[in-house]
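What follows is a short report on a single structure.
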Amino acid sequence: MVSFRTFLTSVLCFAFFSSLGIAQDLSKYRDFQFGMSLDSVAKQIQMKASDARTRHNRPALIQTLDWAQIGYSETAAKIASVRGIRFDFYNGELSKMVLTYNPAETNGLTADDLIEALSTMYGSATTPGDSVSVSSSTTYEDLEKVLARWDDSQYSYNLYRSTYGSTFGLVAFSKMLDMMAINASHEADRLDKVEAPAKELAQQKKQTEDTRAAQETARSINKPKFHP
């Protein structure tokens, strides 16, 4: 028979790890869930999906939507500590967020202060000492040193301090979606390079045809009324 003490210990351990699992839910930042649609994100931040910028449309659709805290809005009121967020989407699904914290809200705070605050939501942090990319481009990686990291098998959150202005930021991403987005972006860049000569030739041909058409139009107008 299991003793009461052993039973109580098991219950307490279960309760502890259950609460830890809740605290370490990395599948979302505030109300933004990884995998949610572009339309849903745009609606939450009071923008339009058409405001998103398309970076690539093959072999996958890669889009970016930038939100900046300007004036008062419902979204700004909820996340006053955040100055701006870049949302990245892979085939319409939220794959990555790059947040910049408001300097006015972090003035005087140390990195340890932010780590402590984030750890209340995501559990214990690690200090890997490596870098994370904050750029949306695959050809130019703007790398920042990771001050602390919270991650699991599916998601990763990385706190950094910008080398430009020393503002704090957070890079959060779905490992699966972000990797697919990176691979698709590299393939898109490769295809662009392969097709560049043909596109340039087609553009030159179009310009030549447009110039000839413009000249023919001008000739048809000016010839009848020209008097030497």
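Ligands are numbered from 1 in the order shown, chains are lettered A, B, ... in the order of the structure tokens, and residues start at 1 in each chain.
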
- request: Identify all residues of region 6-193 of chain A in helix (DSSP H, G or I) (DSSP on the backbone) and supply them as a PyMOL selection string.
  value: chain A and resi 6-23+38-44+49-51+74-78+103-106+111-122+175-193

query: Using only C-alpha atoms, which of A:Ala172, A:Leu38, A:Ile85, A:Ile182 sits nearest Gln63 (chain A)?
result: A:Leu38

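Going from CA of Gly35 (chain A) to CA of Tyr155 (chain A) covers 11.5 Å.
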
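When only C-alpha atoms are used to compute distances to Tyr160 (chain A), the closest of the residues A:Tyr101, A:Tyr122, A:Phe87, A:Tyr29 turns out to be A:Tyr101.
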
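Taking only C-alpha atoms into account, Glu116 (chain A) lies nearest to A:Leu159 out of the set A:Asp25, A:Leu159, A:Ala198, A:Asp189.
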
- prompt: Any idea what's packed within 8 Å of Thr54 (chain A), counting only C-alpha atoms, ignoring anything in its chain fewer than 4 positions away? Could you give it as a PyMOL selection string?
  reply: chain A and resi 61-64

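With only C-alpha atoms as the atoms that count, the minimum distance from Thr120 (chain A) to the choices A:Thr167, A:Glu216, A:Val132, A:Gln24 is reached by A:Gln24.
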
message: Need the shell around Asn183 (chain A): protein/DNA/RNA residues with any atom at most 12 Å away, counting only C-alpha atoms. Skip same-chain ones fewer than 3 positions apart. Format as a VMD selection string?
response: chain A and resid 56 58 to 62 90 138 176 to 180 186 to 190

task: Using DSSP on the backbone coordinates, identify all residues within chain A classified as strand (DSSP E or B); present the result as a ChimeraX atom specification.
output: /A:28-29,32-33,37,53-56,62-68,82-90,93-101,126,131-133,143-151,155-161,168-174

Interatomic distance, CA of Ile115 (chain A) to CA of Leu26 (chain A) (Å, one decimal): 15.0 Å
